[in-house]
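*Asks:* Before anything else, here's the structure in question.
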Amino acid sequence: MFERLVHSDWSVDARKRWCASARRAAGHWRVSCPRRVPPLEQFVDELFDGRVLAGFDFPIGLPAAYGARTGFESFREALNAFGSGPWHQFFEVADDPAQISLHRPFYPRRSTTGAKQPHLLAAHGVAALDALHRRCERATAERRAASTLFWTLGGNQVGKAALTGWRGVIRPALARGARLWPFDGTLAALAATGGCVLCETYPGEAYGHVGARFRSGESKRRQADRRAKAEAIIAWTGRHGVIFEAAARAAILDGFGPSNSGEDPFDALIGLLGMIEVVEGRRTPGPEQDDEIRRWEGWILGQQL
């Protein structure tokens, strides 16, 4: 059983990285107020404080079709090799279409009028963006498709954050003995062995799990709309014996301040509550026995197939 949960709302910009944590005490989860993610070396150190499940709001995995072309057996094996040898440019986002390749799959490095998605599709030999999606990123009845990992332009892009997270947190933590869900086993098996376990999360998925889904016309970037979710969030904690420390409760009731950037600590907290839903057994982790998902693509914790 996990003793501590940590959830991070991630960004390429270190100023926009926030984390929230909860510790199990006397049969309850005690949730602390979100804080900025500390320097990454310190942050990784903190993840090894007991039996910890750490969730990150960035993709952890690769499209299986792309993975099959790399020559590696799994994402875990590939991740260890990226950045060296023939893969030395993997973490360098391509500046122009001619630079996009199997070994340098991300594009574009910056916004220019000439950067087009068809350039990315042609370089990867696919006809549509959906061919570059992992299964957990494809559209469902409840949400539209996520941005593909390799396209690094626009407000919804996730590729640059993933590259930062893989290099700055995931690889260093794995080198110290952390395990990676679902690549290294089921969540139940990993929880039983102790130590640090890493997983992928998505706060947008967790909104509905805790009764805080945003309706049409609402925005998590507005304080009033974040504050309007406080009643449902507090009610959820009451039903499930989750305890907010005073500062965390005050932040929720306030809507995390007037700034648009209040969305970052808000998402850090909501993602944490979604993790509690899973570890307490109220939601299944996901299709963690699927071979393609375990080898290459990974999964968003708590998302149903």
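In the structure tokens, each chain is lettered A, B, ... as it comes, each chain's residues begin at 1, and ligands are numbered from 1 in order of appearance.
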Would you kindly return, as a compact mmCIF listing (two decimals) with N, CA and C atoms, in the first residue's frame, each protein, DNA or RNA residue with an atom no farther than 8 Å from any atom of Pro97 in chain A, considering only C-alpha atoms and excluding same-chain residues fewer than 4 positions away?

*Replies:*
# COMPACT_ATOMS: atom_id res chain seq x y z
N TYR A 107 8.68 18.17 -33.60
CA TYR A 107 8.68 19.33 -34.49
C TYR A 107 7.45 20.18 -34.19
N ALA A 115 5.73 26.43 -40.25
CA ALA A 115 5.59 25.15 -39.55
C ALA A 115 4.17 24.61 -39.74
N HIS A 119 3.95 18.60 -42.54
CA HIS A 119 5.39 18.32 -42.54
C HIS A 119 5.70 17.16 -41.59
N LEU A 120 5.09 17.20 -40.41
CA LEU A 120 5.32 16.15 -39.41
C LEU A 120 4.78 14.81 -39.92
N ALA A 123 7.02 13.33 -42.68
CA ALA A 123 8.30 12.83 -42.16
C ALA A 123 8.14 11.50 -41.44

*Asks:* Quick one: residues within 9 Å of range 17-31 of chain A, only C-alpha atoms counted, chain neighbours fewer than 4 positions away excluded, as number ranges by chain?

*Replies:* A: 2-13, 35-38, 54, 240-245, 248, 264-273, 276

*Asks:* If you measure from CA of Ala161 in chain A to CA of Phe58 in chain A, what distance in Å do you get, rounded to one decimal?

*Replies:*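 Separation of CA of Ala161 in chain A and CA of Phe58 in chain A: 6.4 Å.
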
*Asks:* Given the choices A:Arg179, A:His133, A:Gln223, A:Val279, which gets closest to Asn260 in chain A if the distance is worked out from only C-alpha atoms?

*Replies:*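 Closest to Asn260 in chain A of all the choices is A:Gln223.
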
*Asks:* Check the DSSP output for the backbone and give back, as number ranges by chain, the residues of range 94-227 of chain A in helix (DSSP H, G or I).

*Replies:* A: 97-99, 117-124, 129-132, 135-137, 159-175, 187-193, 203-209, 223-227

*Asks:* Using only C-alpha atoms, which of A:Gly274, A:Gly114, A:Gly195, A:Pro182 sits nearest Gly286 in chain A?

*Replies:* A:Pro182

*Asks:* Counting only C-alpha atoms, which of A:Ser101, A:Pro108, A:Gly204, A:Tyr66 gets nearest to Ala122 in chain A?

*Replies:* A:Ser101

*Asks:* Quick check for you: according to DSSP on this backbone, which residues of range 48-110 of chain A are classed as strand (DSSP E or B)? Reply as a list in words.

*Replies:*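 Strand (DSSP E or B) members of range 48-110 of chain A, listed: Val52, Leu53, Ala54, Gly55, Phe56, Ser101, Arg104 and Tyr107 of chain A.
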
*Asks:* From the options A:Val210, A:Ala247, A:Ala175, A:Met1, which residue's atoms come nearest to Glu277 in chain A, counting only C-alpha atoms?

*Replies:*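 Using only C-alpha atoms, the shortest distance to Glu277 in chain A belongs to A:Val210.
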
*Asks:* Would you mind listing what lies within 10 Å of Ala65 in chain A as a ChimeraX atom specification, with only C-alpha atoms counted and same-chain residues fewer than 5 positions away left out?

*Replies:* /A:70,131-134,292,296-297

*Asks:* Take the residues that were just selected and, keeping C-alpha atoms, output them as a PDB file, in the first residue's frame.

*Replies:*
ATOM      1  CA  THR A  70      13.033   2.076 -33.294  1.00  0.00           C
ATOM      2  CA  ALA A 131      -1.655   7.573 -36.429  1.00  0.00           C
ATOM      3  CA  LEU A 132       0.755   9.374 -34.071  1.00  0.00           C
ATOM      4  CA  HIS A 133      -1.547   9.106 -31.050  1.00  0.00           C
ATOM      5  CA  ARG A 134      -1.251   6.574 -28.290  1.00  0.00           C
ATOM      6  CA  GLU A 292       1.143  -2.945 -26.371  1.00  0.00           C
ATOM      7  CA  TRP A 296       5.267   0.975 -25.496  1.00  0.00           C
ATOM      8  CA  GLU A 297       2.359   3.295 -24.977  1.00  0.00           C
TER       9      GLU A 297
END

*Asks:* If I take CA of Leu198 in chain A and CA of Ala178 in chain A, how far is one from the other in Å, to one decimal?

*Replies:*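 A separation of 7.1 Å between them.
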